[in-house]
>>> print(open('entry.csv').read())   # CSV, N, CA and C atoms
chain,number,residue,atom,x,y,z
A,1,MET,N,0.9,-1.2,0.0
A,1,MET,CA,0.0,0.0,0.0
A,1,MET,C,0.9,1.2,0.0
A,2,GLY,N,0.6,2.2,-0.9
A,2,GLY,CA,1.4,3.4,-1.0
A,2,GLY,C,1.2,4.4,0.2
A,3,GLY,N,2.0,5.4,0.2
A,3,GLY,CA,2.0,6.4,1.3
A,3,GLY,C,0.7,7.2,1.2
A,4,ALA,N,0.2,7.4,0.0
A,4,ALA,CA,-1.1,8.2,-0.1
A,4,ALA,C,-2.2,7.4,0.4
A,5,ASP,N,-2.3,6.1,0.2
A,5,ASP,CA,-3.3,5.2,0.7
A,5,ASP,C,-3.2,5.2,2.2
A,6,GLN,N,-2.0,5.1,2.8
A,6,GLN,CA,-1.9,5.0,4.2
A,6,GLN,C,-2.4,6.3,4.9
A,7,LYS,N,-2.1,7.5,4.2
A,7,LYS,CA,-2.6,8.8,4.7
A,7,LYS,C,-4.1,8.8,4.7
A,8,GLN,N,-4.7,8.3,3.6
A,8,GLN,CA,-6.2,8.3,3.5
A,8,GLN,C,-6.8,7.4,4.6
A,9,LEU,N,-6.1,6.2,4.8
A,9,LEU,CA,-6.6,5.3,5.8
A,9,LEU,C,-6.6,5.9,7.2
A,10,ASN,N,-5.5,6.7,7.5
A,10,ASN,CA,-5.4,7.4,8.8
A,10,ASN,C,-6.5,8.4,8.9
A,11,GLN,N,-6.8,9.2,7.9
A,11,GLN,CA,-7.8,10.2,7.9
A,11,GLN,C,-9.2,9.5,8.1
A,12,PHE,N,-9.3,8.3,7.4
A,12,PHE,CA,-10.6,7.5,7.5
A,12,PHE,C,-10.8,7.1,9.0
A,13,GLN,N,-9.7,6.6,9.6
A,13,GLN,CA,-9.8,6.1,11.0
A,13,GLN,C,-10.3,7.3,11.9
A,14,LEU,N,-9.7,8.5,11.7
A,14,LEU,CA,-10.1,9.7,12.5
A,14,LEU,C,-11.6,10.0,12.2
A,15,ALA,N,-12.0,9.9,11.0
A,15,ALA,CA,-13.4,10.2,10.7
A,15,ALA,C,-14.3,9.2,11.4
A,16,LEU,N,-13.9,7.9,11.4
A,16,LEU,CA,-14.7,6.9,12.1
A,16,LEU,C,-14.8,7.2,13.6
A,17,GLN,N,-13.8,7.7,14.2
A,17,GLN,CA,-13.8,8.0,15.6
A,17,GLN,C,-14.8,9.1,15.9
A,18,HIS,N,-15.1,9.9,15.0
A,18,HIS,CA,-16.0,11.0,15.2
A,18,HIS,C,-17.5,10.6,15.1
A,19,ILE,N,-17.7,9.4,14.6
A,19,ILE,CA,-19.1,8.9,14.5
A,19,ILE,C,-19.5,8.3,15.8
A,20,PRO,N,-20.6,8.7,16.4
A,20,PRO,CA,-21.0,8.1,17.7
A,20,PRO,C,-21.2,6.6,17.7
A,21,PRO,N,-20.7,6.0,18.8
A,21,PRO,CA,-20.8,4.5,18.8
A,21,PRO,C,-22.1,3.9,18.5
A,22,GLU,N,-23.2,4.5,18.9
A,22,GLU,CA,-24.6,4.0,18.7
A,22,GLU,C,-24.9,3.9,17.2
A,23,GLU,N,-24.3,4.9,16.4
A,23,GLU,CA,-24.5,4.9,15.0
A,23,GLU,C,-23.7,3.8,14.3
A,24,LYS,N,-22.6,3.4,14.8
A,24,LYS,CA,-21.7,2.4,14.2
A,24,LYS,C,-21.7,1.0,14.9
A,25,ARG,N,-22.8,0.8,15.6
A,25,ARG,CA,-22.9,-0.5,16.4
A,25,ARG,C,-22.6,-1.7,15.6
A,26,ASP,N,-23.2,-1.8,14.4
A,26,ASP,CA,-23.1,-3.0,13.5
A,26,ASP,C,-21.7,-3.1,13.0
A,27,LEU,N,-21.1,-2.0,12.7
A,27,LEU,CA,-19.7,-2.0,12.2
A,27,LEU,C,-18.8,-2.5,13.3
A,28,ILE,N,-19.0,-2.0,14.6
A,28,ILE,CA,-18.1,-2.4,15.7
A,28,ILE,C,-18.3,-3.9,16.0
A,29,ASP,N,-19.5,-4.3,15.8
A,29,ASP,CA,-19.8,-5.8,16.0
A,29,ASP,C,-19.0,-6.6,15.0
A,30,ALA,N,-19.0,-6.2,13.8
A,30,ALA,CA,-18.3,-6.9,12.7
A,30,ALA,C,-16.8,-6.9,13.0
A,31,LEU,N,-16.3,-5.7,13.4
A,31,LEU,CA,-14.8,-5.6,13.6
A,31,LEU,C,-14.4,-6.5,14.8
A,32,SER,N,-15.3,-6.6,15.8
A,32,SER,CA,-14.9,-7.3,17.0
A,32,SER,C,-15.1,-8.8,16.9
A,33,HIS,N,-16.1,-9.2,16.1
A,33,HIS,CA,-16.4,-10.7,16.0
A,33,HIS,C,-15.8,-11.3,14.7
A,34,VAL,N,-15.7,-10.6,13.6
A,34,VAL,CA,-15.2,-11.2,12.4
A,34,VAL,C,-14.3,-10.2,11.6
A,35,PRO,N,-13.2,-9.9,12.3
A,35,PRO,CA,-12.3,-8.9,11.6
A,35,PRO,C,-11.7,-9.4,10.3
A,36,ASP,N,-11.5,-10.6,10.1
A,36,ASP,CA,-11.0,-11.1,8.8
A,36,ASP,C,-12.1,-11.0,7.7
A,37,LEU,N,-13.3,-11.3,8.0
A,37,LEU,CA,-14.4,-11.1,7.1
A,37,LEU,C,-14.6,-9.6,6.8
A,38,PHE,N,-14.5,-8.8,7.8
A,38,PHE,CA,-14.6,-7.4,7.6
A,38,PHE,C,-13.6,-6.9,6.6
A,39,GLU,N,-12.3,-7.3,6.7
A,39,GLU,CA,-11.3,-6.9,5.8
A,39,GLU,C,-11.5,-7.4,4.4
A,40,ILE,N,-12.0,-8.6,4.3
A,40,ILE,CA,-12.2,-9.2,2.9
A,40,ILE,C,-13.4,-8.6,2.2
A,41,GLU,N,-14.5,-8.4,2.9
A,41,GLU,CA,-15.7,-8.0,2.3
A,41,GLU,C,-16.0,-6.5,2.3
A,42,SER,N,-15.3,-5.8,3.2
A,42,SER,CA,-15.5,-4.3,3.2
A,42,SER,C,-14.2,-3.6,3.6
A,43,PRO,N,-13.2,-3.8,2.8
A,43,PRO,CA,-11.9,-3.1,3.1
A,43,PRO,C,-12.1,-1.6,3.0
A,44,PRO,N,-11.7,-0.9,4.0
A,44,PRO,CA,-11.9,0.6,4.0
A,44,PRO,C,-11.4,1.3,2.8
A,45,ILE,N,-10.2,0.8,2.2
A,45,ILE,CA,-9.7,1.5,1.1
A,45,ILE,C,-10.6,1.6,-0.1
A,46,ARG,N,-11.5,0.6,-0.3
A,46,ARG,CA,-12.5,0.6,-1.3
A,46,ARG,C,-13.5,1.7,-1.1
A,47,PHE,N,-13.9,1.9,0.1
A,47,PHE,CA,-14.9,2.9,0.4
A,47,PHE,C,-14.2,4.3,0.2
A,48,ILE,N,-13.0,4.4,0.6
A,48,ILE,CA,-12.2,5.7,0.4
A,48,ILE,C,-12.1,6.0,-1.1
A,49,ARG,N,-11.8,5.0,-1.9
A,49,ARG,CA,-11.7,5.2,-3.4
A,49,ARG,C,-13.0,5.5,-4.0
A,50,ARG,N,-14.1,4.8,-3.5
A,50,ARG,CA,-15.4,5.1,-4.0
A,50,ARG,C,-15.8,6.5,-3.8
A,51,ASP,N,-15.4,7.1,-2.7
A,51,ASP,CA,-15.7,8.5,-2.3
A,51,ASP,C,-14.6,9.5,-2.7
A,52,ALA,N,-13.8,9.1,-3.7
A,52,ALA,CA,-12.8,9.9,-4.2
A,52,ALA,C,-11.9,10.6,-3.2
A,53,GLY,N,-11.5,9.7,-2.2
A,53,GLY,CA,-10.6,10.2,-1.1
A,53,GLY,C,-11.3,11.0,0.0
A,54,ASP,N,-12.6,11.1,0.0
A,54,ASP,CA,-13.3,11.9,1.1
A,54,ASP,C,-13.5,10.9,2.2
A,55,SER,N,-12.6,11.0,3.2
A,55,SER,CA,-12.5,10.0,4.3
A,55,SER,C,-13.8,10.1,5.1
A,56,ASN,N,-14.4,11.3,5.3
A,56,ASN,CA,-15.6,11.4,6.1
A,56,ASN,C,-16.7,10.7,5.4
A,57,ALA,N,-16.9,10.9,4.1
A,57,ALA,CA,-18.0,10.3,3.4
A,57,ALA,C,-17.8,8.8,3.4
A,58,ALA,N,-16.5,8.3,3.2
A,58,ALA,CA,-16.2,6.9,3.2
A,58,ALA,C,-16.5,6.2,4.5
A,59,ALA,N,-16.2,6.9,5.6
A,59,ALA,CA,-16.5,6.4,6.9
A,59,ALA,C,-18.0,6.2,7.1
A,60,HIS,N,-18.8,7.2,6.7
A,60,HIS,CA,-20.2,7.1,6.9
A,60,HIS,C,-20.8,6.0,5.9
A,61,ARG,N,-20.2,5.9,4.7
A,61,ARG,CA,-20.7,4.9,3.8
A,61,ARG,C,-20.4,3.5,4.4
A,62,LEU,N,-19.3,3.3,5.0
A,62,LEU,CA,-19.0,2.0,5.6
A,62,LEU,C,-19.9,1.7,6.8
A,63,VAL,N,-20.2,2.6,7.6
A,63,VAL,CA,-21.2,2.4,8.7
A,63,VAL,C,-22.5,2.1,8.1
A,64,SER,N,-22.9,2.8,7.0
A,64,SER,CA,-24.2,2.5,6.4
A,64,SER,C,-24.3,1.1,5.8
A,65,TYR,N,-23.1,0.7,5.2
A,65,TYR,CA,-23.0,-0.7,4.7
A,65,TYR,C,-23.3,-1.7,5.7
A,66,TRP,N,-22.7,-1.6,6.9
A,66,TRP,CA,-22.9,-2.6,7.9
A,66,TRP,C,-24.3,-2.5,8.6
A,67,LYS,N,-24.9,-1.4,8.6
A,67,LYS,CA,-26.2,-1.2,9.1
A,67,LYS,C,-27.2,-1.9,8.2
A,68,PHE,N,-27.0,-1.7,6.9
A,68,PHE,CA,-27.9,-2.3,5.8
A,68,PHE,C,-27.7,-3.8,5.8
A,69,ARG,N,-26.5,-4.2,5.9
A,69,ARG,CA,-26.2,-5.7,5.9
A,69,ARG,C,-26.9,-6.3,7.1
A,70,LYS,N,-26.8,-5.7,8.3
A,70,LYS,CA,-27.5,-6.2,9.5
A,70,LYS,C,-29.0,-6.3,9.3
A,71,ARG,N,-29.5,-5.2,8.7
A,71,ARG,CA,-30.9,-5.1,8.5
A,71,ARG,C,-31.4,-6.2,7.5
A,72,ILE,N,-30.7,-6.5,6.4
A,72,ILE,CA,-31.0,-7.5,5.5
A,72,ILE,C,-30.8,-8.9,6.0
A,73,PHE,N,-29.7,-9.1,6.6
A,73,PHE,CA,-29.3,-10.5,6.9
A,73,PHE,C,-29.5,-10.9,8.4
A,74,GLY,N,-29.8,-9.9,9.2
A,74,GLY,CA,-30.0,-10.2,10.7
A,74,GLY,C,-28.8,-10.9,11.3
A,75,VAL,N,-29.1,-12.0,12.0
A,75,VAL,CA,-28.1,-12.7,12.8
A,75,VAL,C,-27.0,-13.3,11.9
A,76,ARG,N,-27.3,-13.4,10.6
A,76,ARG,CA,-26.4,-14.0,9.6
A,76,ARG,C,-25.4,-12.9,9.0
A,77,ALA,N,-25.6,-11.7,9.4
A,77,ALA,CA,-24.8,-10.6,8.8
A,77,ALA,C,-23.3,-10.7,8.9
A,78,ASN,N,-22.9,-11.4,10.0
A,78,ASN,CA,-21.4,-11.5,10.2
A,78,ASN,C,-20.9,-12.8,9.6
A,79,MET,N,-21.7,-13.4,8.7
A,79,MET,CA,-21.2,-14.6,7.9
A,79,MET,C,-20.8,-14.2,6.5
A,80,PRO,N,-20.0,-15.0,5.9
A,80,PRO,CA,-19.5,-14.6,4.5
A,80,PRO,C,-20.6,-14.5,3.5
A,81,MET,N,-20.4,-13.6,2.6
A,81,MET,CA,-21.4,-13.3,1.5
A,81,MET,C,-21.1,-14.3,0.4
A,82,THR,N,-21.8,-15.5,0.4
A,82,THR,CA,-21.7,-16.5,-0.6
A,82,THR,C,-23.0,-16.9,-1.1
A,83,LEU,N,-23.0,-17.7,-2.2
A,83,LEU,CA,-24.2,-18.2,-2.8
A,83,LEU,C,-24.5,-19.6,-2.5
A,84,THR,N,-23.9,-20.1,-1.3
A,84,THR,CA,-24.1,-21.5,-0.9
A,84,THR,C,-25.3,-21.7,-0.1
A,85,GLY,N,-25.8,-20.7,0.6
A,85,GLY,CA,-26.9,-20.8,1.5
A,85,GLY,C,-26.5,-21.0,2.9
A,86,ASP,N,-25.1,-21.1,3.1
A,86,ASP,CA,-24.6,-21.4,4.4
A,86,ASP,C,-23.9,-20.1,5.0
A,87,GLY,N,-24.0,-19.0,4.3
A,87,GLY,CA,-23.3,-17.8,4.7
A,87,GLY,C,-24.4,-16.7,5.1
A,88,ALA,N,-24.1,-15.5,4.9
A,88,ALA,CA,-25.1,-14.4,5.2
A,88,ALA,C,-26.4,-14.6,4.5
A,89,MET,N,-26.3,-15.1,3.2
A,89,MET,CA,-27.5,-15.4,2.5
A,89,MET,C,-28.0,-16.8,2.8
A,90,SER,N,-29.2,-16.9,3.2
A,90,SER,CA,-29.8,-18.2,3.5
A,90,SER,C,-30.1,-18.8,2.2
A,91,ARG,N,-30.5,-20.1,2.2
A,91,ARG,CA,-30.9,-20.8,1.0
A,91,ARG,C,-32.1,-20.1,0.3
A,92,GLU,N,-33.0,-19.6,1.1
A,92,GLU,CA,-34.1,-18.8,0.5
A,92,GLU,C,-33.6,-17.5,-0.2
A,93,ASP,N,-32.7,-16.8,0.4
A,93,ASP,CA,-32.1,-15.7,-0.2
A,93,ASP,C,-31.4,-16.0,-1.5
A,94,VAL,N,-30.7,-17.1,-1.5
A,94,VAL,CA,-30.0,-17.5,-2.8
A,94,VAL,C,-31.0,-17.8,-3.9
A,95,VAL,N,-32.1,-18.5,-3.5
A,95,VAL,CA,-33.1,-18.8,-4.5
A,95,VAL,C,-33.7,-17.5,-5.0
A,96,GLY,N,-33.9,-16.6,-4.1
A,96,GLY,CA,-34.5,-15.3,-4.5
A,96,GLY,C,-33.5,-14.5,-5.4
A,97,TYR,N,-32.2,-14.6,-5.1
A,97,TYR,CA,-31.2,-13.9,-5.9
A,97,TYR,C,-31.2,-14.5,-7.3
A,98,ARG,N,-31.3,-15.8,-7.4
A,98,ARG,CA,-31.2,-16.5,-8.7
A,98,ARG,C,-32.5,-16.3,-9.4
A,99,ASN,N,-33.6,-15.9,-8.7
A,99,ASN,CA,-34.9,-15.6,-9.4
A,99,ASN,C,-35.0,-14.1,-9.7
A,100,CYS,N,-33.9,-13.4,-9.7
A,100,CYS,CA,-33.9,-12.0,-10.1
A,100,CYS,C,-34.5,-11.1,-9.1
A,101,ILE,N,-34.4,-11.4,-7.8
A,101,ILE,CA,-34.8,-10.4,-6.8
A,101,ILE,C,-33.7,-9.3,-6.8
A,102,ALA,N,-32.5,-9.7,-7.1
A,102,ALA,CA,-31.4,-8.8,-7.3
A,102,ALA,C,-30.7,-9.1,-8.6
A,103,ALA,N,-30.3,-8.1,-9.3
A,103,ALA,CA,-29.6,-8.3,-10.6
A,103,ALA,C,-28.6,-7.2,-10.8
A,104,ALA,N,-27.4,-7.6,-11.3
A,104,ALA,CA,-26.4,-6.6,-11.6
A,104,ALA,C,-26.7,-6.1,-13.0
A,105,LEU,N,-26.8,-4.7,-13.1
A,105,LEU,CA,-27.1,-4.0,-14.3
A,105,LEU,C,-25.9,-3.5,-14.9
A,106,PRO,N,-25.9,-3.0,-16.2
A,106,PRO,CA,-24.8,-2.4,-16.7
A,106,PRO,C,-24.4,-1.1,-15.9
A,107,THR,N,-23.1,-0.8,-16.0
A,107,THR,CA,-22.6,0.4,-15.2
A,107,THR,C,-23.3,1.6,-15.7
A,108,ASP,N,-23.4,2.6,-14.8
A,108,ASP,CA,-24.0,3.9,-15.1
A,108,ASP,C,-23.0,4.7,-16.0
A,109,MET,N,-23.5,5.9,-16.3
A,109,MET,CA,-22.6,6.8,-17.2
A,109,MET,C,-21.3,7.2,-16.6
A,110,ASN,N,-21.2,7.0,-15.3
A,110,ASN,CA,-19.9,7.4,-14.6
A,110,ASN,C,-19.1,6.1,-14.3
A,111,GLY,N,-19.5,5.0,-14.8
A,111,GLY,CA,-18.7,3.7,-14.7
A,111,GLY,C,-19.0,3.0,-13.4
A,112,ARG,N,-20.0,3.5,-12.6
A,112,ARG,CA,-20.3,2.8,-11.3
A,112,ARG,C,-21.1,1.6,-11.5
A,113,SER,N,-20.9,0.6,-10.7
A,113,SER,CA,-21.7,-0.6,-10.7
A,113,SER,C,-23.1,-0.3,-10.2
A,114,VAL,N,-24.1,-1.0,-10.8
A,114,VAL,CA,-25.5,-0.8,-10.5
A,114,VAL,C,-26.1,-2.1,-10.1
A,115,LEU,N,-26.8,-2.2,-8.9
A,115,LEU,CA,-27.4,-3.4,-8.5
A,115,LEU,C,-28.9,-3.1,-8.3
A,116,TYR,N,-29.7,-3.8,-9.0
A,116,TYR,CA,-31.2,-3.7,-8.9
A,116,TYR,C,-31.7,-4.7,-7.9
A,117,ILE,N,-32.5,-4.2,-6.9
A,117,ILE,CA,-33.1,-5.0,-5.9
A,117,ILE,C,-34.6,-4.8,-5.9
A,118,ASN,N,-35.3,-5.9,-6.1
A,118,ASN,CA,-36.8,-5.8,-6.1
A,118,ASN,C,-37.2,-6.2,-4.7
A,119,TYR,N,-37.5,-5.1,-3.9
A,119,TYR,CA,-37.8,-5.3,-2.5
A,119,TYR,C,-39.2,-6.0,-2.3
A,120,THR,N,-40.1,-6.0,-3.3
A,120,THR,CA,-41.4,-6.6,-3.1
A,120,THR,C,-41.3,-8.1,-2.8
A,121,HIS,N,-40.2,-8.7,-3.1
A,121,HIS,CA,-40.0,-10.1,-2.8
A,121,HIS,C,-39.4,-10.3,-1.4
A,122,LEU,N,-39.0,-9.3,-0.8
A,122,LEU,CA,-38.3,-9.4,0.5
A,122,LEU,C,-39.3,-9.0,1.6
A,123,ARG,N,-40.2,-9.9,1.8
A,123,ARG,CA,-41.3,-9.6,2.8
A,123,ARG,C,-40.8,-9.4,4.2
A,124,HIS,N,-39.7,-10.0,4.6
A,124,HIS,CA,-39.2,-9.9,5.9
A,124,HIS,C,-38.7,-8.5,6.3
A,125,LEU,N,-38.6,-7.6,5.3
A,125,LEU,CA,-38.2,-6.2,5.5
A,125,LEU,C,-39.4,-5.3,5.7
A,126,ALA,N,-40.6,-5.8,5.3
A,126,ALA,CA,-41.8,-5.0,5.3
A,126,ALA,C,-42.1,-4.4,6.7
A,127,SER,N,-41.8,-5.1,7.7
A,127,SER,CA,-42.1,-4.7,9.1
A,127,SER,C,-41.2,-3.5,9.6
A,128,ASP,N,-40.1,-3.3,8.9
A,128,ASP,CA,-39.1,-2.2,9.3
A,128,ASP,C,-39.5,-0.9,8.6
A,129,GLU,N,-40.4,-0.9,7.7
A,129,GLU,CA,-40.7,0.3,6.9
A,129,GLU,C,-42.0,0.9,7.2
>>> encode(input="entry.csv", output="structure tokens")
Amino acid sequence: MGGADQKQLNQFQLALQHIPPEEKRDLIDALSHVPDLFEIESPPIRFIRRDAGDSNAAAHRLVSYWKFRKRIFGVRANMPMTLTGDGAMSREDVVGYRNCIAAALPTDMNGRSVLYINYTHLRHLASDE
């Protein structure tokens, strides 16, 4: 990792420290229980790059990622994201994914990945909204 990346990671860590613990509870849980999974599936440098080096935005995006992951997968959120049915995605989730509940679309005009999710099939989320 280059010096610029390390500087951005340091700024990112400072930005994370300024987010109240109650807002980043799911992130803290992942870091304390599954640090290897955290590094593999949500490495901070990807969030920093996504936000063009804006460490504050990247820190908030990472916190949001783990909140959303916990909301979608519940107690399975700290398991690997696989299509086996034995990870964060249950067998039912995998079937839904394969039946186009979620689909990767072509990139947008800025080259960003686009994921379509049809929430009408995700009945277990209805009680949260």
>>> residues_near_point(input="entry.csv", point="(-13.7, 2.2, 2.4)", cutoff="12 Å", atoms="only C-alpha atoms", output="PyMOL selection string")
chain A and resi 5+8-13+15-16+38-66
>>> atom_distance(input="entry.csv", atom1="atom CA of His33 of chain A", atom2="atom C of Met79 of chain A")
11.0 Å
>>> atom_distance(input="entry.csv", atom1="atom CA of Pro21 of chain A", atom2="atom CA of Gly87 of chain A")
26.5 Å
>>> residues_around(input="entry.csv", residues="Ser90 of chain A", least_positions_apart="6", cutoff="8 Å", atoms="all atoms listed in the file", output="VMD selection string")
chain A and resid 73 76 82 to 84 96
>>> write_last_selection(input="entry.csv", atoms="N, CA and C atoms", output="short mmCIF file (atom, residue, chain, number, x, y, z; two decimals), in the frame of the given file")
data_model
loop_
_atom_site.label_atom_id
_atom_site.label_comp_id
_atom_site.auth_asym_id
_atom_site.auth_seq_id
_atom_site.Cartn_x
_atom_site.Cartn_y
_atom_site.Cartn_z
N PHE A 73 -29.70 -9.10 6.60
CA PHE A 73 -29.30 -10.50 6.90
C PHE A 73 -29.50 -10.90 8.40
N ARG A 76 -27.30 -13.40 10.60
CA ARG A 76 -26.40 -14.00 9.60
C ARG A 76 -25.40 -12.90 9.00
N THR A 82 -21.80 -15.50 0.40
CA THR A 82 -21.70 -16.50 -0.60
C THR A 82 -23.00 -16.90 -1.10
N LEU A 83 -23.00 -17.70 -2.20
CA LEU A 83 -24.20 -18.20 -2.80
C LEU A 83 -24.50 -19.60 -2.50
N THR A 84 -23.90 -20.10 -1.30
CA THR A 84 -24.10 -21.50 -0.90
C THR A 84 -25.30 -21.70 -0.10
N GLY A 96 -33.90 -16.60 -4.10
CA GLY A 96 -34.50 -15.30 -4.50
C GLY A 96 -33.50 -14.50 -5.40
#
>>> closest_residue(input="entry.csv", among="A:Asp108, A:Glu22, A:Asp29, A:Glu92", to="Val75 of chain A", atoms="only C-alpha atoms")
A:Asp29
>>> atom_distance(input="entry.csv", atom1="atom CA of Leu27 of chain A", atom2="atom C of Met81 of chain A")
17.1 Å
>>> select_by_dssp(input="entry.csv", residues="chain A", states="alpha helix (DSSP H)", output="ChimeraX atom specification")
/A:3-17,25-33,35-41,44-50,55-73,91-98
>>> select_by_dssp(input="entry.csv", residues="segment 82-122 of chain A", states="strand (DSSP E or B)", output="list in words")
Asp86, Ser90, Ala102, Ala103, Ala104, Leu105, Val114, Leu115, Tyr116 and Ile117 of chain A
